[in-house]
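A short worksheet on the structure shown next.
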Amino acid sequence: MSTKVSKRLAAGANMPAPGEDVLKNTQEAIHAALTRLGYSDTVYELLKEPIRVLTVRIPVRMDDGHTEVFTGYRAQHNDAIGPTKGGIRFHPDVTLDEVKALSIWMSIKCGIFGLPYGGAKGGIVCDPRKLSIHEQERLARGYVRAVSQIVGPAKDIPAPDVYTNPQVMAWMYDEYSRIREYDSPNFITGKPLVLGGSQGREQATALGVVVATREAAAQAGIDLKEARVIVQGFGNVGSNVARILHEMGVKVVGISDANGALYNENGLDIPDLFDKRDSFGVVTTNFSHVISNEELLVKPCDILIPAALENQITEHNARDIQAKLIVEAANGPTTPMADAILEERGILVVPDVLANAGGVTVSYFEWVQNNQGWYWTEDEVNSRLERMMVNAVHNILKTARRYQVSTRLAAYMVGIRPFAEAMRWRGWL
Ligand code: GLU
């Protein structure tokens with residue numbers, strides 16, 4: 001066992017419960033990046049927590065007439081570069097610490113891609129799978145009313161995240177425009193096309209992940225035509241990653257959803273699975289032979305793409321993972337303990353803040369198009385995204401080599417630096 005791994009074990013960092021450690025881990029990552037870049041502790045003090053956090057209670061009239069009260073959050077990490085930006089998730093496990101960590105990750109993504117934003121994130125503690133469409137609409141509108149004072153096209157621009165989609169964005173856009181009494185398509189991204197959404201936004205995160213996979217596979221000496229890929233998670237991102245890879249002729253041997261997982265070493269029928277998924281990305285209920293998510297992660301493959309939730313790759317399974325390359329489509333799928341093990345085993349990791357930033361990048365394109373009232377073709381969107389992702393991947397790999405650090409630390413260094421610089425120019429430091 002390397003000293004790095006044993007040190008972490010001794011420090012008791014080996015049992016992260018889902019959600020529990022994400023903020024602390026993120027703060028440690030930022031601290032390491034700022035220290036490596038030579039910034040003072042004051043810079044860290046300003047960046048370790050969001051500058052603004054709002055907790056709201058949202059009363060929602062349920063279909064049966066009773067009122068239920070939901071808790072929601074919006075965290076804005078840093079607005080030195082411009083307005084903040086990031087999605088809103090609907091999930092029963094949402095916590096304030098998780099939303100704070102996710103807002104910091106959004107800053108890093110924006111920093112890596114040079115987007116004129118800081119990071120933000122929102123969440124509502126709820127299980128949308130148990131809410132009717134009308135209850136979801138009232139909840140979405142109630143959230144916008146509750147946070148309306150701190151959001152807006154030049155303040156903080158929301159977007160979709162786990163279990164939210166173009167329909168939820170449309171309700172939120174409508175509610176915000178009513179509150180402000182003027183049409184504000186630039187308030188939110190990930191909207192339906194007919195309401196000012198961007199071509200390519202729905203599959204943007206997935207396309208970015210696939211481009212990152214292609215570039216990193218070349219680096220790791222993996223021939224995509226021969227490679228076997230496992231995609232964990234079959235929501236918007238996971239299902240589209242599997243679909244695009246399949247269309248490229250890459251063999252997808254495993255997929256999973258909240259119910260279970262499917263594995264076939266000869267390749268799965270991805271178009272069939274894609275068509276069979278429900279609106280929450282569940283597809284395995286159609287099959288009798290289903291394995292668990294935990295089993296799937298350690299099955300034979302060359303490339304593993306976690307596209308579900310946080311803390312999936314831990315010190316309990318990191319040693320058994322067979323992939324040579326891991327591309328993090330989800331936010332925060334790997335714990336720091338697992339990260340150290342993967343590094344020790346020489347597995348190349350494309351970190352979340354790099355791999356999944358295609359979503360916020362095309363959200364930025366959407367906001368630009370809304371501001372200008374001038375809309376781009378799908379080719380324009382996709383080719384701009386591809387160019388930016390290729391540059392970002394090579395920049396991070398180069399930085400990792402130059403500083404002799406992991407790709408994750410390199411990504412944090414590249415992503416955090418613009419915030420330190422912007423704060424200095426503004427005279428905050
Ligand atoms: N929720 C997505 C993410 O985690 C997209 C955010 C956005 O488009 O602003 O990156």
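In the structure tokens, chains take the letters A, B, ... in the order shown, each chain's residues start at 1, and ligands count up from 1 in the order shown.
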For chain A against ligand 1, with a cut-off of 10 Å and counting only C-alpha atoms and all ligand atoms, what is the closest atom pair and its distance in Å to one decimal for every residue that makes the cut, ordered by chain and number, as a tab-separated table?
```
residue	atom	partner	partner_atom_place_in_ligand_line	distance
A:Thr84	CA	ligand 1	9 (O)	8.8
A:Lys85	CA	ligand 1	9 (O)	5.0
A:Gly86	CA	ligand 1	9 (O)	3.7
A:Gly87	CA	ligand 1	1 (N)	3.9
A:Ile88	CA	ligand 1	1 (N)	6.8
A:Arg89	CA	ligand 1	1 (N)	7.7
A:Leu102	CA	ligand 1	4 (O)	7.3
A:Ser103	CA	ligand 1	4 (O)	8.7
A:Trp105	CA	ligand 1	4 (O)	8.0
A:Met106	CA	ligand 1	10 (O)	6.2
A:Ser107	CA	ligand 1	10 (O)	9.8
A:Lys109	CA	ligand 1	10 (O)	7.6
A:Cys110	CA	ligand 1	10 (O)	9.2
A:Tyr117	CA	ligand 1	9 (O)	9.6
A:Gly119	CA	ligand 1	9 (O)	8.3
A:Ala120	CA	ligand 1	9 (O)	8.1
A:Lys121	CA	ligand 1	1 (N)	7.8
A:Gly122	CA	ligand 1	1 (N)	9.3
A:Asp156	CA	ligand 1	9 (O)	9.6
A:Ile157	CA	ligand 1	9 (O)	7.0
A:Pro158	CA	ligand 1	9 (O)	5.9
A:Ala159	CA	ligand 1	9 (O)	4.7
A:Pro160	CA	ligand 1	1 (N)	5.2
A:Asp161	CA	ligand 1	1 (N)	3.9
A:Val162	CA	ligand 1	1 (N)	7.2
A:Thr164	CA	ligand 1	1 (N)	9.1
A:Ile188	CA	ligand 1	9 (O)	8.3
A:Thr189	CA	ligand 1	8 (O)	6.4
A:Gly190	CA	ligand 1	8 (O)	6.8
A:Arg201	CA	ligand 1	8 (O)	8.5
A:Glu202	CA	ligand 1	8 (O)	9.8
A:Ala204	CA	ligand 1	8 (O)	9.2
A:Thr205	CA	ligand 1	10 (O)	7.6
A:Val237	CA	ligand 1	2 (C)	9.9
A:Ala329	CA	ligand 1	4 (O)	9.4
A:Ala330	CA	ligand 1	4 (O)	8.0
A:Asn331	CA	ligand 1	4 (O)	6.6
A:Asp352	CA	ligand 1	10 (O)	9.0
A:Val353	CA	ligand 1	10 (O)	8.0
A:Leu354	CA	ligand 1	10 (O)	9.8
A:Ala355	CA	ligand 1	10 (O)	9.7
A:Asn356	CA	ligand 1	10 (O)	6.3
A:Ala357	CA	ligand 1	10 (O)	5.5
A:Gly358	CA	ligand 1	10 (O)	7.5
A:Gly359	CA	ligand 1	5 (C)	4.8
A:Val360	CA	ligand 1	8 (O)	3.5
A:Thr361	CA	ligand 1	8 (O)	6.9
A:Val362	CA	ligand 1	8 (O)	7.0
A:Ser363	CA	ligand 1	8 (O)	4.6
A:Tyr364	CA	ligand 1	8 (O)	7.3
A:Phe365	CA	ligand 1	8 (O)	9.8
A:Glu366	CA	ligand 1	8 (O)	9.2
A:Trp367	CA	ligand 1	9 (O)	9.8
```
*asked:* Just want the 8 Å neighbourhood of Pro116 of chain A, counted on only C-alpha atoms, with same-chain residues fewer than 5 positions away dropped. Output as a ChimeraX atom specification.
replied: /A:81-83,110
Just asking: which residues within segment 105-297 of chain A are strand (DSSP E or B) according to DSSP, as a CSV table (one decimal) with N, CA and C atoms, in the first residue's frame?
```csv
chain,number,residue,atom,x,y,z
A,118,GLY,N,-19.3,32.3,-12.5
A,118,GLY,CA,-18.9,31.5,-11.3
A,118,GLY,C,-19.8,30.4,-11.2
A,119,GLY,N,-19.6,29.5,-10.2
A,119,GLY,CA,-20.4,28.3,-10.0
A,119,GLY,C,-21.6,28.5,-9.1
A,120,ALA,N,-22.7,27.8,-9.3
A,120,ALA,CA,-23.8,27.8,-8.4
A,120,ALA,C,-24.5,26.4,-8.5
A,121,LYS,N,-25.3,26.1,-7.6
A,121,LYS,CA,-26.1,24.9,-7.7
A,121,LYS,C,-27.4,25.1,-6.8
A,122,GLY,N,-28.4,24.4,-7.2
A,122,GLY,CA,-29.7,24.4,-6.4
A,122,GLY,C,-30.2,23.0,-6.2
A,123,GLY,N,-31.0,22.8,-5.2
A,123,GLY,CA,-31.5,21.5,-5.0
A,123,GLY,C,-32.8,21.6,-4.2
A,124,ILE,N,-33.7,20.7,-4.5
A,124,ILE,CA,-34.9,20.5,-3.6
A,124,ILE,C,-35.0,19.1,-3.1
A,125,VAL,N,-35.2,19.0,-1.8
A,125,VAL,CA,-35.3,17.7,-1.2
A,125,VAL,C,-36.7,17.1,-1.5
A,152,GLY,N,-31.3,35.5,-11.7
A,152,GLY,CA,-31.6,36.4,-12.8
A,152,GLY,C,-30.5,36.3,-13.8
A,156,ASP,N,-27.6,35.0,-11.5
A,156,ASP,CA,-27.4,33.6,-11.3
A,156,ASP,C,-28.3,32.9,-12.2
A,157,ILE,N,-27.8,32.0,-13.1
A,157,ILE,CA,-28.6,31.4,-14.2
A,157,ILE,C,-28.7,29.9,-14.0
A,158,PRO,N,-29.9,29.4,-13.6
A,158,PRO,CA,-30.1,28.0,-13.3
A,158,PRO,C,-30.1,27.1,-14.6
A,159,ALA,N,-30.2,25.8,-14.4
A,159,ALA,CA,-30.2,24.9,-15.5
A,159,ALA,C,-30.6,23.5,-15.0
A,160,PRO,N,-30.8,22.5,-15.9
A,160,PRO,CA,-31.2,21.2,-15.4
A,160,PRO,C,-30.0,20.5,-14.6
A,228,ARG,N,-14.1,-2.1,-24.6
A,228,ARG,CA,-15.4,-2.4,-24.0
A,228,ARG,C,-15.6,-1.4,-22.9
A,229,VAL,N,-16.9,-0.8,-23.0
A,229,VAL,CA,-17.2,0.3,-22.1
A,229,VAL,C,-18.4,0.0,-21.2
A,230,ILE,N,-18.2,0.4,-19.9
A,230,ILE,CA,-19.3,0.3,-19.0
A,230,ILE,C,-19.8,1.7,-18.6
A,231,VAL,N,-21.1,1.9,-18.7
A,231,VAL,CA,-21.7,3.2,-18.4
A,231,VAL,C,-22.6,3.0,-17.2
A,232,GLN,N,-22.2,3.6,-16.0
A,232,GLN,CA,-23.1,3.4,-14.8
A,232,GLN,C,-24.1,4.6,-14.8
A,251,LYS,N,-18.2,-0.7,-28.4
A,251,LYS,CA,-19.0,-1.7,-27.7
A,251,LYS,C,-19.3,-1.3,-26.3
A,252,VAL,N,-20.6,-1.2,-26.0
A,252,VAL,CA,-21.0,-0.9,-24.6
A,252,VAL,C,-21.4,-2.2,-24.0
A,253,VAL,N,-20.7,-2.7,-23.0
A,253,VAL,CA,-20.9,-4.0,-22.4
A,253,VAL,C,-21.8,-4.0,-21.2
A,254,GLY,N,-21.9,-2.8,-20.5
A,254,GLY,CA,-22.6,-2.7,-19.3
A,254,GLY,C,-23.3,-1.3,-19.1
A,255,ILE,N,-24.5,-1.4,-18.6
A,255,ILE,CA,-25.2,-0.1,-18.2
A,255,ILE,C,-26.0,-0.4,-16.9
A,256,SER,N,-26.4,0.7,-16.2
A,256,SER,CA,-27.2,0.5,-15.0
A,256,SER,C,-28.1,1.6,-14.8
A,261,ALA,N,-28.5,-3.4,-12.9
A,261,ALA,CA,-27.5,-3.2,-14.0
A,261,ALA,C,-27.6,-4.4,-15.0
A,262,LEU,N,-27.2,-4.2,-16.2
A,262,LEU,CA,-27.1,-5.2,-17.3
A,262,LEU,C,-25.7,-5.3,-17.7
A,263,TYR,N,-25.2,-6.6,-18.0
A,263,TYR,CA,-23.8,-6.7,-18.5
A,263,TYR,C,-23.8,-7.8,-19.5
A,291,ILE,N,-28.1,-7.5,-12.6
A,291,ILE,CA,-27.1,-7.6,-11.5
A,291,ILE,C,-27.2,-6.3,-10.8
```
Handout entry: Spatial neighbours of Tyr173 of chain A, max dist 8 Å, only C-alpha atoms, sep filter under 6 positions, as JSON, numbers by chain
Key = {"A": [184, 185, 187, 188]}
_Going by DSSP on the backbone, which residues of segment 44-189 of chain A come out as alpha helix (DSSP H)? List them as a PyMOL selection string._
chain A and resi 44-47+96-113+133-147+166-180
From atom CA of Ala146 of chain A to atom CA of Pro50 of chain A the spacing works out at 18.8 Å
Counting only C-alpha atoms, the residue of A:Ala216, A:Arg345, A:Val381, A:Pro306 that sits nearest Leu325 of chain A
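When distances to Leu325 of chain A are compared using only C-alpha atoms, the smallest one comes from A:Ala216.
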| Which one of A:Asn259, A:Arg387, A:Gly197, A:Ile270 sits closest to Pro166 of chain A if you count only C-alpha atoms? |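 Of the candidates, the smallest distance to Pro166 of chain A is held by A:Gly197.
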Exercise. Would you kindly return, as number ranges by chain, each protein, DNA or RNA residue with an atom no farther than 8 Å from any atom of Ala32 of chain A, considering only C-alpha atoms and excluding same-chain residues fewer than 4 positions away?
Key: A: 28, 36, 409
Residues at most 12 Å from Glu175 of chain A, counting only C-alpha atoms, excluding those fewer than 2 positions away in the same chain, as a PyMOL selection string? chain A and resi 137-148+152+168-173+177-185+187-188
Given the selection you just returned, output its residues as a file containing C-alpha atoms, formatted as a PDB file, in the first residue's frame.
```
ATOM      1  CA  GLU A 137     -44.932  22.077 -11.704  1.00  0.00           C
ATOM      2  CA  ARG A 138     -46.149  23.740  -8.485  1.00  0.00           C
ATOM      3  CA  LEU A 139     -42.885  22.789  -6.749  1.00  0.00           C
ATOM      4  CA  ALA A 140     -40.763  24.193  -9.601  1.00  0.00           C
ATOM      5  CA  ARG A 141     -42.728  27.458  -9.648  1.00  0.00           C
ATOM      6  CA  GLY A 142     -42.659  27.695  -5.838  1.00  0.00           C
ATOM      7  CA  TYR A 143     -38.869  27.302  -5.853  1.00  0.00           C
ATOM      8  CA  VAL A 144     -38.459  30.146  -8.359  1.00  0.00           C
ATOM      9  CA  ARG A 145     -40.695  32.437  -6.261  1.00  0.00           C
ATOM     10  CA  ALA A 146     -38.657  31.547  -3.179  1.00  0.00           C
ATOM     11  CA  VAL A 147     -35.227  32.273  -4.721  1.00  0.00           C
ATOM     12  CA  SER A 148     -36.267  35.000  -7.208  1.00  0.00           C
ATOM     13  CA  GLY A 152     -31.563  36.360 -12.797  1.00  0.00           C
ATOM     14  CA  VAL A 168     -39.042  21.912 -15.448  1.00  0.00           C
ATOM     15  CA  MET A 169     -36.873  24.657 -17.027  1.00  0.00           C
ATOM     16  CA  ALA A 170     -39.889  25.864 -19.052  1.00  0.00           C
ATOM     17  CA  TRP A 171     -42.065  26.218 -15.926  1.00  0.00           C
ATOM     18  CA  MET A 172     -39.264  28.045 -14.113  1.00  0.00           C
ATOM     19  CA  TYR A 173     -38.685  30.379 -17.067  1.00  0.00           C
ATOM     20  CA  SER A 177     -40.845  36.065 -16.496  1.00  0.00           C
ATOM     21  CA  ARG A 178     -44.183  36.580 -14.699  1.00  0.00           C
ATOM     22  CA  ILE A 179     -42.447  37.801 -11.525  1.00  0.00           C
ATOM     23  CA  ARG A 180     -40.216  40.227 -13.463  1.00  0.00           C
ATOM     24  CA  GLU A 181     -43.022  41.177 -15.874  1.00  0.00           C
ATOM     25  CA  TYR A 182     -40.794  40.829 -18.925  1.00  0.00           C
ATOM     26  CA  ASP A 183     -39.810  37.872 -21.047  1.00  0.00           C
ATOM     27  CA  SER A 184     -36.511  36.500 -19.703  1.00  0.00           C
ATOM     28  CA  PRO A 185     -35.320  33.478 -21.700  1.00  0.00           C
ATOM     29  CA  PHE A 187     -32.747  33.565 -16.952  1.00  0.00           C
ATOM     30  CA  ILE A 188     -32.402  29.797 -17.320  1.00  0.00           C
TER      31      ILE A 188
END
```
For Gln372 of chain A, which of A:Gln149, A:Asn25, A:Ser40, A:Asn186 is the closest residue, counting only C-alpha atoms?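 Between A:Gln149, A:Asn25, A:Ser40, A:Asn186, the residue approaching Gln372 of chain A most closely is A:Asn186.
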Figure out the distance between atom CA of Gly208 of chain A and atom CA of Leu309 of chain A, please, to one decimal in Å.
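Atom-to-atom, atom CA of Leu309 of chain A and atom CA of Gly208 of chain A are spaced 18.0 Å apart.
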note - atom CA of Lys100 of chain A and atom CA of Val60 of chain A are separated by 24.6 Å
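Distance check against Ile321 of chain A using only C-alpha atoms: of A:Ile303, A:Met337, A:Val282, A:Ile396, the minimum falls on A:Ile303.
Shortest atom-to-atom contact with Asn266 of chain A among A:Glu98, A:Asp278, A:Glu226, A:Glu247: A:Glu226, counting only C-alpha atoms.
Near Ala258 of chain A, within 9 Å and counting only C-alpha atoms, sit Gly233, Phe234, Ser256, Gly260, Ala261, Phe280, Gly281, Val282, Thr284, Asn293 and Ala308 of chain A; same-chain residues fewer than 2 positions away were not included.
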